[in-house]
>>> print(open('query-v2.pdb').read())   # PDB, C-alpha atoms
ATOM      1  CA  MET A   1       0.000   0.000   0.000
ATOM      2  CA  MET A   2       1.434   3.392  -1.051
ATOM      3  CA  GLN A   3       1.232   6.245   1.416
ATOM      4  CA  HIS A   4       2.417   9.064  -0.845
ATOM      5  CA  ILE A   5       1.633  10.361  -4.295
ATOM      6  CA  THR A   6       4.315   9.338  -6.731
ATOM      7  CA  GLY A   7       5.288  11.059  -9.949
ATOM      8  CA  ILE A   8       6.505   9.746 -13.251
ATOM      9  CA  PRO A   9       9.942   8.138 -13.105
ATOM     10  CA  ARG A  10      12.536  10.518 -14.578
ATOM     11  CA  ASN A  11      13.947   7.921 -16.952
ATOM     12  CA  GLN A  12      10.554   6.997 -18.402
ATOM     13  CA  MET A  13      10.044   8.102 -22.000
ATOM     14  CA  CYS A  14       7.063  10.336 -22.598
ATOM     15  CA  PHE A  15       5.747  11.430 -25.997
ATOM     16  CA  SER A  16       4.298  14.924 -26.232
ATOM     17  CA  SER A  17       4.678  17.974 -28.423
ATOM     18  CA  LEU A  18       5.425  21.548 -27.424
ATOM     19  CA  GLU A  19       1.941  22.425 -28.692
ATOM     20  CA  ASP A  20       0.371  20.100 -26.114
ATOM     21  CA  THR A  21       2.187  21.785 -23.223
ATOM     22  CA  ILE A  22       0.826  25.322 -23.839
ATOM     23  CA  SER A  23      -2.872  25.969 -23.238
ATOM     24  CA  SER A  24      -4.923  27.842 -25.822
ATOM     25  CA  GLU A  25      -5.470  30.749 -23.373
ATOM     26  CA  ASN A  26      -1.795  31.232 -22.563
ATOM     27  CA  PRO A  27      -0.618  34.847 -23.179
ATOM     28  CA  ILE A  28       2.476  33.522 -24.931
ATOM     29  CA  ARG A  29       0.261  32.808 -27.945
ATOM     30  CA  PHE A  30      -0.552  36.515 -28.135
ATOM     31  CA  ILE A  31       3.143  37.417 -28.331
ATOM     32  CA  ASP A  32       3.576  34.909 -31.156
ATOM     33  CA  ALA A  33       0.636  36.346 -33.131
ATOM     34  CA  PHE A  34       1.651  39.964 -32.429
ATOM     35  CA  VAL A  35       5.220  39.495 -33.680
ATOM     36  CA  GLY A  36       3.989  37.430 -36.626
ATOM     37  CA  ALA A  37       1.884  40.384 -37.804
ATOM     38  CA  LEU A  38       4.668  42.989 -37.507
ATOM     39  CA  SER A  39       6.387  44.657 -40.417
ATOM     40  CA  LEU A  40      10.092  44.723 -39.575
ATOM     41  CA  GLU A  41      10.839  47.382 -42.190
ATOM     42  CA  ALA A  42       8.213  49.748 -40.732
ATOM     43  CA  LEU A  43       9.821  49.466 -37.287
ATOM     44  CA  CYS A  44      13.326  50.116 -38.726
ATOM     45  CA  PHE A  45      14.864  46.778 -37.747
ATOM     46  CA  SER A  46      17.995  45.669 -39.512
ATOM     47  CA  ILE A  47      17.057  42.573 -41.486
ATOM     48  CA  GLN A  48      19.578  39.728 -41.327
ATOM     49  CA  THR A  49      20.775  38.712 -44.770
ATOM     50  CA  ILE A  50      21.579  35.107 -45.555
ATOM     51  CA  LYS A  51      25.306  34.629 -46.103
ATOM     52  CA  SER A  52      26.894  31.992 -48.280
ATOM     53  CA  GLU A  53      29.509  31.107 -45.656
ATOM     54  CA  GLY A  54      29.444  30.430 -41.937
ATOM     55  CA  ARG A  55      26.631  29.696 -39.557
ATOM     56  CA  PRO A  56      23.188  31.049 -40.528
ATOM     57  CA  SER A  57      21.907  33.986 -38.502
ATOM     58  CA  PHE A  58      18.833  33.958 -36.282
ATOM     59  CA  ASN A  59      15.579  35.349 -37.602
ATOM     60  CA  THR A  60      14.923  38.871 -36.306
ATOM     61  CA  LYS A  61      11.440  37.858 -35.120
ATOM     62  CA  ILE A  62      13.010  35.311 -32.729
ATOM     63  CA  PHE A  63      14.685  38.173 -30.870
ATOM     64  CA  LEU A  64      11.497  40.269 -30.892
ATOM     65  CA  LYS A  65       9.524  37.426 -29.340
ATOM     66  CA  LEU A  66      12.261  36.920 -26.765
ATOM     67  CA  TYR A  67      12.382  40.614 -25.815
ATOM     68  CA  LEU A  68       8.586  40.928 -25.546
ATOM     69  CA  TYR A  69       8.517  37.842 -23.327
ATOM     70  CA  GLY A  70      11.271  39.349 -21.191
ATOM     71  CA  TYR A  71       9.414  42.684 -21.068
ATOM     72  CA  LEU A  72       6.227  41.040 -19.804
ATOM     73  CA  ASN A  73       8.061  38.873 -17.271
ATOM     74  CA  GLY A  74      10.605  41.363 -15.929
ATOM     75  CA  LEU A  75      13.645  39.756 -17.554
ATOM     76  CA  ARG A  76      16.063  42.321 -18.961
ATOM     77  CA  SER A  77      19.415  40.592 -18.754
ATOM     78  CA  SER A  78      20.530  38.788 -21.903
ATOM     79  CA  ARG A  79      22.063  36.031 -19.756
ATOM     80  CA  LYS A  80      18.764  35.508 -17.918
ATOM     81  CA  LEU A  81      16.883  35.427 -21.217
ATOM     82  CA  GLN A  82      19.286  32.765 -22.512
ATOM     83  CA  LYS A  83      18.807  30.703 -19.353
ATOM     84  CA  GLU A  84      15.018  30.960 -19.703
ATOM     85  CA  CYS A  85      15.244  29.705 -23.310
ATOM     86  CA  VAL A  86      16.621  26.434 -21.962
ATOM     87  CA  ARG A  87      14.425  25.886 -18.912
ATOM     88  CA  ASN A  88      11.131  27.633 -19.663
ATOM     89  CA  ILE A  89       8.599  25.569 -21.612
ATOM     90  CA  GLU A  90       6.728  28.701 -22.743
ATOM     91  CA  LEU A  91       9.849  30.116 -24.365
ATOM     92  CA  GLN A  92      10.637  26.752 -25.919
ATOM     93  CA  TRP A  93       7.189  26.851 -27.524
ATOM     94  CA  LEU A  94       7.489  30.503 -28.556
ATOM     95  CA  LEU A  95      10.948  30.150 -30.098
ATOM     96  CA  CYS A  96      10.434  26.607 -31.477
ATOM     97  CA  ALA A  97      13.151  25.348 -29.086
ATOM     98  CA  ILE A  98      15.784  27.711 -30.515
ATOM     99  CA  VAL A  99      18.322  28.738 -27.877
ATOM    100  CA  THR A 100      20.280  31.858 -28.714
ATOM    101  CA  ASN A 101      23.446  32.758 -26.868
ATOM    102  CA  TYR A 102      23.515  35.785 -24.591
ATOM    103  CA  HIS A 103      25.962  37.628 -26.850
ATOM    104  CA  SER A 104      23.588  37.464 -29.837
ATOM    105  CA  ILE A 105      20.728  38.699 -27.642
ATOM    106  CA  SER A 106      22.858  41.567 -26.364
ATOM    107  CA  ASP A 107      24.133  42.477 -29.840
ATOM    108  CA  PHE A 108      20.582  42.584 -31.189
ATOM    109  CA  ARG A 109      19.627  45.060 -28.456
ATOM    110  CA  LYS A 110      22.739  47.128 -29.162
ATOM    111  CA  ASP A 111      22.196  47.130 -32.954
ATOM    112  CA  ASN A 112      18.459  47.968 -32.903
ATOM    113  CA  PRO A 113      17.754  50.552 -30.168
ATOM    114  CA  SER A 114      15.284  52.652 -32.185
ATOM    115  CA  GLY A 115      13.463  49.582 -33.531
ATOM    116  CA  LEU A 116      13.019  48.137 -30.038
ATOM    117  CA  LYS A 117      11.779  51.487 -28.744
ATOM    118  CA  LYS A 118       9.174  51.613 -31.529
ATOM    119  CA  LEU A 119       8.239  47.979 -30.891
ATOM    120  CA  PHE A 120       7.577  48.540 -27.185
ATOM    121  CA  LYS A 121       5.623  51.748 -27.909
ATOM    122  CA  LEU A 122       3.467  49.886 -30.416
ATOM    123  CA  PHE A 123       3.015  46.973 -28.006
ATOM    124  CA  VAL A 124       1.930  49.176 -25.092
ATOM    125  CA  THR A 125      -0.356  51.226 -27.345
ATOM    126  CA  PHE A 126      -1.984  48.038 -28.607
ATOM    127  CA  LEU A 127      -2.483  46.734 -25.062
ATOM    128  CA  LYS A 128      -4.022  50.058 -23.993
ATOM    129  CA  ASP A 129      -6.335  50.176 -27.026
ATOM    130  CA  ALA A 130      -7.477  46.612 -26.337
ATOM    131  CA  ASP A 131      -8.156  47.538 -22.660
ATOM    132  CA  LEU A 132      -5.683  44.886 -21.510
ATOM    133  CA  ILE A 133      -3.794  47.459 -19.427
ATOM    134  CA  GLY A 134      -4.966  50.719 -17.917
ATOM    135  CA  GLY A 135      -1.815  52.725 -18.446
ATOM    136  CA  TYR A 136      -2.251  54.724 -15.252
ATOM    137  CA  ILE A 137       1.047  53.749 -13.663
ATOM    138  CA  ILE A 138       3.788  54.125 -16.223
ATOM    139  CA  ALA A 139       6.816  53.113 -14.126
ATOM    140  CA  ILE A 140       7.824  52.472 -10.569
ATOM    141  CA  ASP A 141      11.311  53.501  -9.571
ATOM    142  CA  GLY A 142      12.928  51.123  -7.119
ATOM    143  CA  THR A 143      16.010  53.245  -6.525
ATOM    144  CA  LYS A 144      17.260  53.447  -2.961
ATOM    145  CA  SER A 145      19.508  56.310  -2.006
ATOM    146  CA  ARG A 146      21.284  57.142   1.220
ATOM    147  CA  ALA A 147      21.339  60.634   2.582
ATOM    148  CA  HIS A 148      24.809  62.053   3.206
ATOM    149  CA  ASN A 149      24.499  65.253   5.179
ATOM    150  CA  SER A 150      27.918  65.741   6.656
ATOM    151  CA  LYS A 151      29.396  69.228   6.981
ATOM    152  CA  LYS A 152      31.556  68.597   3.893
ATOM    153  CA  ALA A 153      28.654  67.339   1.739
ATOM    154  CA  ASN A 154      26.104  69.960   2.833
ATOM    155  CA  PHE A 155      25.737  72.918   0.474
ATOM    156  CA  ASN A 156      23.612  75.942   1.244
ATOM    157  CA  GLN A 157      23.562  79.661   0.425
ATOM    158  CA  LYS A 158      25.886  80.457   3.309
TER
END
>>> encode(input="query-v2.pdb", output="structure tokens")
Amino acid sequence: MMQHITGIPRNQMCFSSLEDTISSENPIRFIDAFVGALSLEALCFSIQTIKSEGRPSFNTKIFLKLYLYGYLNGLRSSRKLQKECVRNIELQWLLCAIVTNYHSISDFRKDNPSGLKKLFKLFVTFLKDADLIGGYIIAIDGTKSRAHNSKKANFNQK
């Protein structure tokens, strides 16, 4: 007689698809559809050209999906985004199990600052128009500062 609930043995083979793991109501599907409908030229993104030599480049939309996911989940670091690509089933579904390295993620951000700014503006505007967010609180600053009011650091009219 078993007294505890047991799980599936780790070495047991299980057949499932990424599609089966993500519910139809999951917000990750919205990110996929939103990026799929974007015009990269209109947002001023540099389009990767296919080269005849070397390793093929990643599709620009892969990075856009990754950055929108990071934006919605509070992940800004390229190293954290790379780690999530490996361990997060939602990102595996969104990116079709592509894992980019942190340097490529960082370079994309560095090479496309105006395009990303336009993307996030468009994304927030869309969410506000669809009444998915209120837009009342724009940002919350979590900066902590210490007061230094010694005689040397204190400046006044005197």
>>> residues_around(input="query-v2.pdb", residues="A:Asn59", least_positions_apart="3", cutoff="12 Å", atoms="all atoms listed in the file", output="ChimeraX atom specification")
/A:35-36,40,45-50,56,62-66,95-96,98,100,104-105,108
>>> resolve_selection(input="query-v2.pdb", expression="the PyMOL selection byres ((chain A and resi 81-84) around 8)", output="count of residues only")
18
>>> atom_distance(input="query-v2.pdb", atom1="atom CA of A:Ala130", atom2="atom CA of A:Leu116")
20.9 Å
>>> closest_residue(input="query-v2.pdb", among="A:Leu132, A:Ala153, A:Val124, A:Ile89", to="A:Thr21", atoms="only C-alpha atoms")
A:Ile89
>>> atom_distance(input="query-v2.pdb", atom1="atom CA of A:Lys117", atom2="atom CA of A:Cys44")
10.2 Å
>>> atom_distance(input="query-v2.pdb", atom1="atom CA of A:Glu90", atom2="atom CA of A:Tyr67")
13.5 Å
>>> closest_residue(input="query-v2.pdb", among="A:Phe34, A:Asp20, A:Gly7, A:Arg29", to="A:Phe123", atoms="only C-alpha atoms")
A:Phe34
>>> decode(input="query-v2.pdb", residues="stretch 73-115 of chain A", atoms="N, CA and C atoms", output="tab-separated table (two decimals), in the first residue's frame")
chain	number	residue	atom	x	y	z
A	73	ASN	N	7.71	39.67	-18.44
A	73	ASN	CA	8.06	38.87	-17.27
A	73	ASN	C	9.21	39.45	-16.45
A	74	GLY	N	9.58	40.69	-16.73
A	74	GLY	CA	10.61	41.36	-15.93
A	74	GLY	C	12.00	40.81	-16.10
A	75	LEU	N	12.31	40.29	-17.28
A	75	LEU	CA	13.65	39.76	-17.55
A	75	LEU	C	14.35	40.68	-18.54
A	76	ARG	N	15.36	41.39	-18.08
A	76	ARG	CA	16.06	42.32	-18.96
A	76	ARG	C	17.45	41.83	-19.35
A	77	SER	N	18.05	41.06	-18.52
A	77	SER	CA	19.41	40.59	-18.75
A	77	SER	C	19.45	39.58	-19.90
A	78	SER	N	20.42	39.74	-20.80
A	78	SER	CA	20.53	38.79	-21.90
A	78	SER	C	20.93	37.40	-21.40
A	79	ARG	N	21.69	37.34	-20.33
A	79	ARG	CA	22.06	36.03	-19.76
A	79	ARG	C	20.85	35.33	-19.14
A	80	LYS	N	19.98	36.11	-18.49
A	80	LYS	CA	18.76	35.51	-17.92
A	80	LYS	C	17.82	35.05	-19.02
A	81	LEU	N	17.73	35.83	-20.10
A	81	LEU	CA	16.88	35.43	-21.22
A	81	LEU	C	17.40	34.13	-21.84
A	82	GLN	N	18.72	34.00	-21.97
A	82	GLN	CA	19.29	32.77	-22.51
A	82	GLN	C	18.96	31.58	-21.61
A	83	LYS	N	19.09	31.78	-20.31
A	83	LYS	CA	18.81	30.70	-19.35
A	83	LYS	C	17.33	30.29	-19.44
A	84	GLU	N	16.45	31.27	-19.59
A	84	GLU	CA	15.02	30.96	-19.70
A	84	GLU	C	14.70	30.20	-20.98
A	85	CYS	N	15.45	30.44	-22.05
A	85	CYS	CA	15.24	29.71	-23.31
A	85	CYS	C	15.44	28.20	-23.11
A	86	VAL	N	16.32	27.84	-22.20
A	86	VAL	CA	16.62	26.43	-21.96
A	86	VAL	C	15.61	25.81	-21.01
A	87	ARG	N	15.23	26.53	-19.97
A	87	ARG	CA	14.43	25.89	-18.91
A	87	ARG	C	12.94	26.20	-18.94
A	88	ASN	N	12.52	27.20	-19.68
A	88	ASN	CA	11.13	27.63	-19.66
A	88	ASN	C	10.38	27.02	-20.84
A	89	ILE	N	9.35	26.25	-20.56
A	89	ILE	CA	8.60	25.57	-21.61
A	89	ILE	C	7.84	26.55	-22.49
A	90	GLU	N	7.41	27.69	-21.94
A	90	GLU	CA	6.73	28.70	-22.74
A	90	GLU	C	7.66	29.28	-23.80
A	91	LEU	N	8.90	29.58	-23.40
A	91	LEU	CA	9.85	30.12	-24.36
A	91	LEU	C	10.26	29.06	-25.38
A	92	GLN	N	10.34	27.82	-24.97
A	92	GLN	CA	10.64	26.75	-25.92
A	92	GLN	C	9.55	26.69	-26.98
A	93	TRP	N	8.30	26.85	-26.57
A	93	TRP	CA	7.19	26.85	-27.52
A	93	TRP	C	7.27	28.08	-28.42
A	94	LEU	N	7.48	29.24	-27.81
A	94	LEU	CA	7.49	30.50	-28.56
A	94	LEU	C	8.60	30.55	-29.59
A	95	LEU	N	9.78	30.06	-29.22
A	95	LEU	CA	10.95	30.15	-30.10
A	95	LEU	C	11.21	28.86	-30.87
A	96	CYS	N	10.28	27.91	-30.81
A	96	CYS	CA	10.43	26.61	-31.48
A	96	CYS	C	11.72	25.92	-31.03
A	97	ALA	N	12.00	26.00	-29.74
A	97	ALA	CA	13.15	25.35	-29.09
A	97	ALA	C	14.49	25.88	-29.57
A	98	ILE	N	14.52	27.08	-30.14
A	98	ILE	CA	15.78	27.71	-30.52
A	98	ILE	C	16.36	28.36	-29.27
A	99	VAL	N	17.63	28.11	-29.01
A	99	VAL	CA	18.32	28.74	-27.88
A	99	VAL	C	19.42	29.63	-28.44
A	100	THR	N	19.25	30.92	-28.26
A	100	THR	CA	20.28	31.86	-28.71
A	100	THR	C	21.27	32.08	-27.59
A	101	ASN	N	22.48	32.48	-27.93
A	101	ASN	CA	23.45	32.76	-26.87
A	101	ASN	C	23.27	34.20	-26.39
A	102	TYR	N	23.74	34.48	-25.20
A	102	TYR	CA	23.51	35.78	-24.59
A	102	TYR	C	24.16	36.90	-25.41
A	103	HIS	N	25.26	36.60	-26.08
A	103	HIS	CA	25.96	37.63	-26.85
A	103	HIS	C	25.12	38.06	-28.06
A	104	SER	N	24.47	37.13	-28.71
A	104	SER	CA	23.59	37.46	-29.84
A	104	SER	C	22.40	38.29	-29.37
A	105	ILE	N	21.85	37.95	-28.20
A	105	ILE	CA	20.73	38.70	-27.64
A	105	ILE	C	21.17	40.12	-27.33
A	106	SER	N	22.32	40.25	-26.72
A	106	SER	CA	22.86	41.57	-26.36
A	106	SER	C	23.18	42.39	-27.60
A	107	ASP	N	23.80	41.77	-28.61
A	107	ASP	CA	24.13	42.48	-29.84
A	107	ASP	C	22.88	42.97	-30.56
A	108	PHE	N	21.82	42.16	-30.55
A	108	PHE	CA	20.58	42.58	-31.19
A	108	PHE	C	20.04	43.84	-30.53
A	109	ARG	N	20.09	43.87	-29.20
A	109	ARG	CA	19.63	45.06	-28.46
A	109	ARG	C	20.49	46.27	-28.79
A	110	LYS	N	21.80	46.04	-28.88
A	110	LYS	CA	22.74	47.13	-29.16
A	110	LYS	C	22.57	47.65	-30.60
A	111	ASP	N	22.30	46.75	-31.55
A	111	ASP	CA	22.20	47.13	-32.95
A	111	ASP	C	20.84	47.71	-33.35
A	112	ASN	N	19.81	47.53	-32.54
A	112	ASN	CA	18.46	47.97	-32.90
A	112	ASN	C	17.77	48.79	-31.81
A	113	PRO	N	18.41	49.82	-31.26
A	113	PRO	CA	17.75	50.55	-30.17
A	113	PRO	C	16.48	51.28	-30.60
A	114	SER	N	16.48	51.91	-31.76
A	114	SER	CA	15.28	52.65	-32.19
A	114	SER	C	14.16	51.70	-32.56
A	115	GLY	N	14.49	50.56	-33.19
A	115	GLY	CA	13.46	49.58	-33.53
A	115	GLY	C	12.80	48.99	-32.30
